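Structure file start.cif with mmCIF, C-alpha atoms:
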data_entry
#
loop_
_atom_site.group_PDB
_atom_site.id
_atom_site.type_symbol
_atom_site.label_atom_id
_atom_site.label_comp_id
_atom_site.auth_asym_id
_atom_site.auth_seq_id
_atom_site.Cartn_x
_atom_site.Cartn_y
_atom_site.Cartn_z
ATOM 1 C CA MET G 1156 93.298 -0.660 32.087
ATOM 2 C CA PRO G 1157 89.983 -2.568 32.302
ATOM 3 C CA ASN G 1158 90.442 -2.852 36.091
ATOM 4 C CA GLN G 1159 90.930 0.943 36.379
ATOM 5 C CA THR G 1160 87.803 1.608 34.303
ATOM 6 C CA LEU G 1161 85.810 -0.838 36.431
ATOM 7 C CA ALA G 1162 87.135 0.768 39.643
ATOM 8 C CA VAL G 1163 86.197 4.284 38.431
ATOM 9 C CA ALA G 1164 82.712 3.103 37.385
ATOM 10 C CA LEU G 1165 82.183 1.348 40.737
ATOM 11 C CA ALA G 1166 83.366 4.410 42.714
ATOM 12 C CA SER G 1167 81.046 6.646 40.674
ATOM 13 C CA LEU G 1168 78.090 4.301 41.256
ATOM 14 C CA LEU G 1169 78.741 4.141 45.005
ATOM 15 C CA SER G 1170 79.065 7.938 45.207
ATOM 16 C CA THR G 1171 75.753 8.411 43.359
ATOM 17 C CA ALA G 1172 74.028 5.868 45.609
ATOM 18 C CA ALA G 1173 75.392 7.569 48.742
ATOM 19 C CA ASN G 1174 74.166 10.982 47.545
ATOM 20 C CA ALA G 1175 70.718 9.569 46.719
ATOM 21 C CA ALA G 1176 70.499 8.024 50.197
ATOM 22 C CA THR G 1177 71.249 11.365 51.908
ATOM 23 C CA PRO G 1178 67.936 12.659 53.286
ATOM 24 C CA ARG G 1179 66.897 16.034 51.919
ATOM 25 C CA ASP G 1180 65.114 18.651 53.958
ATOM 26 C CA LEU G 1181 62.442 21.104 52.942
ATOM 27 C CA GLY G 1182 64.218 23.990 51.249
ATOM 28 C CA ASP G 1183 67.144 21.984 49.870
ATOM 29 C CA ARG G 1184 67.958 22.475 46.186
ATOM 30 C CA GLY G 1185 66.058 19.985 44.007
ATOM 31 C CA VAL G 1186 63.284 19.278 46.528
ATOM 32 C CA LEU G 1187 59.799 18.974 45.039
ATOM 33 C CA VAL G 1188 56.795 19.998 47.181
ATOM 34 C CA PRO G 1189 53.354 18.886 46.008
ATOM 35 C CA LEU G 1190 50.723 20.986 47.753
ATOM 36 C CA GLY G 1191 47.180 22.095 47.413
ATOM 37 C CA THR G 1192 43.761 22.627 48.861
ATOM 38 C CA PHE G 1193 40.583 20.601 48.901
ATOM 39 C CA ALA G 1194 37.650 22.272 50.607
ATOM 40 C CA LEU G 1195 33.988 21.471 50.980
ATOM 41 C CA THR G 1196 31.787 24.075 52.663
ATOM 42 C CA TYR G 1197 28.095 24.161 53.383
ATOM 43 C CA THR G 1198 26.497 27.473 54.354
ATOM 44 C CA LYS G 1199 22.942 28.026 55.490
ATOM 45 C CA THR G 1200 21.620 31.575 55.670
ATOM 46 C CA ASP G 1201 18.415 32.564 57.393
ATOM 47 C CA ASP G 1202 16.264 34.203 54.755
ATOM 48 C CA SER G 1203 12.941 35.770 55.698
ATOM 49 C CA THR G 1204 11.655 35.371 52.120
ATOM 50 C CA THR G 1205 11.710 31.558 52.279
ATOM 51 C CA ALA G 1206 10.558 29.194 54.987
ATOM 52 C CA SER G 1207 13.785 27.169 55.074
ATOM 53 C CA GLY G 1208 16.407 29.824 54.299
ATOM 54 C CA ARG G 1209 19.086 29.543 51.608
ATOM 55 C CA THR G 1210 21.962 27.109 51.334
ATOM 56 C CA LEU G 1211 25.278 27.347 49.500
ATOM 57 C CA THR G 1212 27.542 24.382 48.856
ATOM 58 C CA THR G 1213 31.087 25.042 47.603
ATOM 59 C CA VAL G 1214 33.713 22.551 46.472
ATOM 60 C CA VAL G 1215 37.300 23.747 45.807
ATOM 61 C CA PHE G 1216 40.163 21.682 44.384
ATOM 62 C CA ALA G 1217 43.456 23.587 44.038
ATOM 63 C CA PRO G 1218 46.565 21.447 43.437
ATOM 64 C CA GLY G 1219 49.997 23.064 43.254
ATOM 65 C CA LEU G 1220 53.686 22.305 43.043
ATOM 66 C CA LEU G 1221 56.855 24.043 44.292
ATOM 67 C CA TYR G 1222 60.406 23.209 43.173
ATOM 68 C CA PHE G 1223 63.470 24.522 45.022
ATOM 69 C CA VAL G 1224 65.738 25.802 42.234
ATOM 70 C CA ILE G 1225 68.437 26.757 44.760
ATOM 71 C CA ASP G 1226 68.608 26.262 48.530
ATOM 72 C CA ASP G 1227 65.566 27.905 50.141
ATOM 73 C CA LEU G 1228 64.144 29.508 46.941
ATOM 74 C CA ALA G 1229 61.245 27.773 45.213
ATOM 75 C CA VAL G 1230 59.190 28.485 42.116
ATOM 76 C CA GLY G 1231 55.977 26.787 41.115
ATOM 77 C CA GLY G 1232 52.333 27.296 40.480
ATOM 78 C CA ASN G 1233 48.807 26.222 41.189
ATOM 79 C CA LEU G 1234 45.535 25.400 39.479
ATOM 80 C CA VAL G 1235 42.091 26.221 40.904
ATOM 81 C CA LEU G 1236 38.839 24.453 40.120
ATOM 82 C CA ALA G 1237 35.763 25.394 42.135
ATOM 83 C CA SER G 1238 32.002 25.084 41.995
ATOM 84 C CA SER G 1239 29.374 26.784 44.163
ATOM 85 C CA SER G 1240 25.704 25.947 44.030
ATOM 86 C CA VAL G 1241 22.716 27.469 45.754
ATOM 87 C CA GLY G 1242 20.152 24.991 47.061
ATOM 88 C CA ASP G 1243 17.288 26.553 45.076
ATOM 89 C CA GLY G 1244 18.128 24.880 41.759
ATOM 90 C CA THR G 1245 20.030 27.865 40.328
ATOM 91 C CA PRO G 1246 22.901 26.738 38.049
ATOM 92 C CA ALA G 1247 26.274 26.432 39.791
ATOM 93 C CA ARG G 1248 28.968 29.115 39.764
ATOM 94 C CA THR G 1249 32.150 27.688 38.221
ATOM 95 C CA THR G 1250 35.684 29.013 38.810
ATOM 96 C CA VAL G 1251 38.836 28.056 36.889
ATOM 97 C CA GLY G 1252 42.217 29.640 37.576
ATOM 98 C CA LEU G 1253 45.979 29.308 37.595
ATOM 99 C CA GLY G 1254 48.949 31.207 38.850
ATOM 100 C CA PRO G 1255 52.715 31.232 39.255
ATOM 101 C CA GLU G 1256 54.162 31.252 42.776
ATOM 102 C CA VAL G 1257 57.505 32.079 44.417
ATOM 103 C CA ALA G 1258 58.412 30.969 47.956
ATOM 104 C CA TYR G 1259 61.392 31.441 50.238
ATOM 105 C CA HIS G 1260 62.181 29.012 53.063
ATOM 106 C CA VAL G 1261 63.574 30.453 56.323
ATOM 107 C CA ARG G 1262 64.871 27.826 58.777
ATOM 108 C CA PHE G 1263 64.636 28.626 62.493
ATOM 109 C CA THR G 1264 65.487 25.206 63.933
ATOM 110 C CA GLU G 1265 65.594 21.616 62.734
ATOM 111 C CA MET G 1266 61.799 21.422 63.132
ATOM 112 C CA TRP G 1267 60.529 25.016 62.760
ATOM 113 C CA SER G 1268 60.625 27.274 59.713
ATOM 114 C CA LEU G 1269 58.790 29.972 57.778
ATOM 115 C CA LEU G 1270 57.696 29.615 54.130
ATOM 116 C CA PRO G 1271 56.394 32.974 52.851
ATOM 117 C CA SER G 1272 55.050 32.826 49.313
ATOM 118 C CA VAL G 1273 53.728 35.290 46.750
ATOM 119 C CA SER G 1274 51.472 34.259 43.884
ATOM 120 C CA LEU G 1275 49.781 35.996 40.996
ATOM 121 C CA ASP G 1276 46.383 34.360 40.497
ATOM 122 C CA LEU G 1277 44.300 34.625 37.331
ATOM 123 C CA THR G 1278 40.748 33.292 37.663
ATOM 124 C CA ARG G 1279 37.663 33.210 35.516
ATOM 125 C CA ASP G 1280 34.204 32.766 37.021
ATOM 126 C CA ALA G 1281 31.021 31.835 35.231
ATOM 127 C CA VAL G 1282 28.267 33.207 37.479
ATOM 128 C CA PRO G 1283 24.587 32.518 36.788
ATOM 129 C CA ASN G 1284 22.782 35.828 36.239
ATOM 130 C CA GLY G 1285 19.149 34.901 35.931
ATOM 131 C CA PRO G 1286 17.663 31.741 34.460
ATOM 132 C CA THR G 1287 19.289 32.000 31.006
ATOM 133 C CA THR G 1288 22.294 34.350 31.236
ATOM 134 C CA THR G 1289 25.757 34.070 32.754
ATOM 135 C CA ALA G 1290 28.167 36.767 33.900
ATOM 136 C CA ASP G 1291 31.809 36.007 33.098
ATOM 137 C CA ILE G 1292 34.196 37.556 35.629
ATOM 138 C CA THR G 1293 37.955 37.730 35.006
ATOM 139 C CA ASN G 1294 40.114 38.487 38.022
ATOM 140 C CA LEU G 1295 43.857 38.988 38.556
ATOM 141 C CA ALA G 1296 45.013 39.064 42.184
ATOM 142 C CA VAL G 1297 48.296 39.104 44.076
ATOM 143 C CA SER G 1298 48.379 36.863 47.159
ATOM 144 C CA LEU G 1299 50.760 36.586 50.100
ATOM 145 C CA TYR G 1300 50.824 33.651 52.552
ATOM 146 C CA VAL G 1301 53.280 33.460 55.475
ATOM 147 C CA PRO G 1302 52.904 30.161 57.360
ATOM 148 C CA VAL G 1303 55.053 29.043 60.269
ATOM 149 C CA LEU G 1304 55.854 25.358 59.626
ATOM 150 C CA LEU G 1305 56.430 22.440 61.959
ATOM 151 C CA ARG G 1306 58.476 19.868 59.986
ATOM 152 C CA VAL G 1307 58.584 16.187 60.979
ATOM 153 C CA SER G 1308 60.272 13.615 58.715
ATOM 154 C CA HIS G 1309 59.102 14.530 55.175
ATOM 155 C CA PHE G 1310 55.864 16.191 56.300
ATOM 156 C CA TYR G 1311 54.903 19.629 57.561
ATOM 157 C CA MET G 1312 52.000 21.424 59.218
ATOM 158 C CA GLY G 1313 51.662 25.174 58.998
ATOM 159 C CA PHE G 1314 49.578 28.089 60.155
ATOM 160 C CA GLY G 1315 49.754 31.741 59.191
ATOM 161 C CA PRO G 1316 48.221 34.928 57.809
ATOM 162 C CA THR G 1317 47.020 35.381 54.236
ATOM 163 C CA PHE G 1318 46.497 38.552 52.238
ATOM 164 C CA SER G 1319 45.090 38.946 48.734
ATOM 165 C CA ARG G 1320 44.319 42.047 46.661
ATOM 166 C CA ASP G 1321 42.637 42.216 43.266
ATOM 167 C CA LEU G 1322 44.744 44.027 40.696
ATOM 168 C CA TYR G 1323 42.145 43.686 37.946
ATOM 169 C CA ALA G 1324 38.489 42.616 37.925
ATOM 170 C CA HIS G 1325 36.183 42.787 34.914
ATOM 171 C CA ALA G 1326 32.737 41.299 34.247
ATOM 172 C CA THR G 1327 30.960 40.658 30.968
ATOM 173 C CA VAL G 1328 27.169 40.242 31.002
ATOM 174 C CA GLN G 1329 25.383 39.627 27.689
ATOM 175 C CA GLY G 1330 28.293 41.180 25.781
ATOM 176 C CA THR G 1331 28.507 44.299 27.946
ATOM 177 C CA GLY G 1332 31.742 44.860 29.873
ATOM 178 C CA LEU G 1333 31.682 46.191 33.413
ATOM 179 C CA ASP G 1334 34.518 47.053 35.768
ATOM 180 C CA VAL G 1335 34.178 45.292 39.098
ATOM 181 C CA ALA G 1336 35.306 46.840 42.388
ATOM 182 C CA PRO G 1337 38.549 45.193 43.556
ATOM 183 C CA ASN G 1338 38.462 43.099 46.716
ATOM 184 C CA THR G 1339 40.989 42.854 49.524
ATOM 185 C CA ARG G 1340 40.978 39.633 51.540
ATOM 186 C CA ILE G 1341 42.760 39.090 54.877
ATOM 187 C CA GLY G 1342 42.632 35.827 56.768
ATOM 188 C CA ILE G 1343 44.365 32.977 58.545
ATOM 189 C CA SER G 1344 45.040 29.652 56.891
ATOM 190 C CA THR G 1345 46.477 26.247 57.695
ATOM 191 C CA THR G 1346 48.528 23.979 55.484
ATOM 192 C CA LEU G 1347 49.561 20.330 55.568
ATOM 193 C CA GLY G 1348 51.956 18.673 53.157
ATOM 194 C CA GLY G 1349 55.218 16.961 52.436
ATOM 195 C CA TRP G 1350 58.205 16.959 50.105
ATOM 196 C CA LEU G 1351 60.071 14.627 47.801
#

Conversion result in structure tokens:
Amino acid sequence: MPNQTLAVALASLLSTAANAATPRDLGDRGVLVPLGTFALTYTKTDDSTTASGRTLTTVVFAPGLLYFVIDDLAVGGNLVLASSSVGDGTPARTTVGLGPEVAYHVRFTEMWSLLPSVSLDLTRDAVPNGPTTTADITNLAVSLYVPVLLRVSHFYMGFGPTFSRDLYAHATVQGTGLDVAPNTRIGISTTLGGWL
């Protein structure tokens, strides 16, 4: 009896080790995909009211995570932290946000695939409004991103269209609430990442 128990335990251990050694591909159930954005932009605008023009420096850090709950279907979310400052000494604009995300992986070949995702993004901006006041802007937007991915080993590069539409935008300035006109954003974005 002890030999049978040892044999069963050894077979189970070897089976687990073999399954762990099997490489997993993007989109396989249980795959974890850390992702995100880090951006630094510097903008200079010609301004006839000043000799040197105006500058805007923006830093964005937006980490995220996707988890494939079943083959090719992932759920996750992201966090956004951003700061924009004008070069004239005005206090910086600060943005904090988060949002759930759903993605579906469509395999074309062993190396090429599509990873469309939809997210619901809630952000709050603190925008300087004069030397002593701040406007607080709350925004809820739905975003769609459809990158075509080139997958190599456990890494990918992607490129595709983005679309975002504000569902709700509201500003508060010195205790007074104001509705803000919703924005629609269309663009092209790149992505680079990997999976575990």

(request) Could you check which of G:Met1266, G:Ala1258, G:Met1312, G:Val1241 is closest to G:Ser1298, using all atoms listed in the file? (result) G:Ala1258

If we count all atoms listed in the file and set the cut-off at 9 Å, which residues sit around G:Tyr1197, ignoring sequence neighbours fewer than 2 positions away in its own chain? Please answer as a tab-separated table (two decimals) with C-alpha atoms, in the coordinates of the input.
chain	number	residue	atom	x	y	z
G	1195	LEU	CA	33.99	21.47	50.98
G	1199	LYS	CA	22.94	28.03	55.49
G	1210	THR	CA	21.96	27.11	51.33
G	1211	LEU	CA	25.28	27.35	49.50
G	1212	THR	CA	27.54	24.38	48.86
G	1213	THR	CA	31.09	25.04	47.60

(message) Excluding G:Val1297 and its own-chain neighbours fewer than 5 positions away, which residues fall within 9 Å of it when counting all atoms listed in the file? Please give them as a ChimeraX atom specification.
(response) /G:1273-1276,1318-1322

(message) Just want the 12 Å neighbourhood of G:Gly1231, counted on only C-alpha atoms, with same-chain residues fewer than 6 positions away dropped. Output as a PyMOL selection string.
(response) chain G and resi 1186-1191+1218-1224+1253-1259+1272-1275

(message) Suppose a student applies the PyMOL selection byres ((chain G and resi 1270) around 10) to this structure; what residues should they get, written as a list of chain:residue names?
(response) G:Leu1181, G:Gly1182, G:Asp1227, G:Leu1228, G:Ala1229, G:Ala1258, G:Tyr1259, G:His1260, G:Val1261, G:Arg1262, G:Ser1268, G:Leu1269, G:Pro1271, G:Ser1272, G:Tyr1300, G:Val1301, G:Pro1302, G:Val1303, G:Leu1304, G:Gly1313, G:Gly1315

Can I get the selected residues back with C-alpha atoms, as an mmCIF file, in the coordinates of the input?
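Written output follows (out-v8.cif):
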data_model
loop_
_atom_site.group_PDB
_atom_site.id
_atom_site.type_symbol
_atom_site.label_atom_id
_atom_site.label_comp_id
_atom_site.auth_asym_id
_atom_site.auth_seq_id
_atom_site.Cartn_x
_atom_site.Cartn_y
_atom_site.Cartn_z
ATOM 1 C CA LEU G 1181 62.442 21.104 52.942
ATOM 2 C CA GLY G 1182 64.218 23.990 51.249
ATOM 3 C CA ASP G 1227 65.566 27.905 50.141
ATOM 4 C CA LEU G 1228 64.144 29.508 46.941
ATOM 5 C CA ALA G 1229 61.245 27.773 45.213
ATOM 6 C CA ALA G 1258 58.412 30.969 47.956
ATOM 7 C CA TYR G 1259 61.392 31.441 50.238
ATOM 8 C CA HIS G 1260 62.181 29.012 53.063
ATOM 9 C CA VAL G 1261 63.574 30.453 56.323
ATOM 10 C CA ARG G 1262 64.871 27.826 58.777
ATOM 11 C CA SER G 1268 60.625 27.274 59.713
ATOM 12 C CA LEU G 1269 58.790 29.972 57.778
ATOM 13 C CA PRO G 1271 56.394 32.974 52.851
ATOM 14 C CA SER G 1272 55.050 32.826 49.313
ATOM 15 C CA TYR G 1300 50.824 33.651 52.552
ATOM 16 C CA VAL G 1301 53.280 33.460 55.475
ATOM 17 C CA PRO G 1302 52.904 30.161 57.360
ATOM 18 C CA VAL G 1303 55.053 29.043 60.269
ATOM 19 C CA LEU G 1304 55.854 25.358 59.626
ATOM 20 C CA GLY G 1313 51.662 25.174 58.998
ATOM 21 C CA GLY G 1315 49.754 31.741 59.191
#

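Among the candidates G:Thr1345, G:Gln1329, G:Ser1239, G:Thr1249, the one nearest to G:Thr1192 when counting all atoms listed in the file is G:Thr1345.
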
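The space separating atom CA of G:Asn1338 from atom CA of G:Asp1291 comes to 16.7 Å.
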
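Here atom CA of G:Ile1343 and atom CA of G:Glu1265 stand 24.4 Å from one another.
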
(request) Could you tell me how far atom CA of G:Val1328 lies from atom CA of G:Leu1295, in Å and to one decimal? (result) 18.4 Å

(message) Can you pull out the residues contacting G:Arg1248? Cut-off 6 Å, using only C-alpha atoms, and skip same-chain residues under 6 positions away; I want them as a PyMOL selection string.
(response) chain G and resi 1238-1239+1281-1282

Restrict the selected residues to C-alpha atoms and save them as a CSV table (one decimal), keeping the file's coordinate frame.
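Contents of the output file part_27.csv:
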chain,number,residue,atom,x,y,z
G,1238,SER,CA,32.0,25.1,42.0
G,1239,SER,CA,29.4,26.8,44.2
G,1281,ALA,CA,31.0,31.8,35.2
G,1282,VAL,CA,28.3,33.2,37.5

(message) For G:Phe1216, find every residue with an atom within 8 Å (counting all atoms listed in the file), except residues of its own chain fewer than 6 positions away, and show them as JSON, numbers by chain.
(response) {"G": [1191, 1192, 1193, 1194, 1235, 1236, 1237]}

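Minimum atom-to-atom distances from G:Leu1347, G:Ile1292, G:Val1214, G:Ala1326 to G:Ala1247 were compared using only C-alpha atoms, and the lowest value belongs to G:Val1214.
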
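The shortest atom-to-atom distance to G:Thr1346, with all atoms listed in the file taken into account, belongs to G:Arg1306 out of G:Arg1279, G:Arg1184, G:Arg1306, G:Arg1179.
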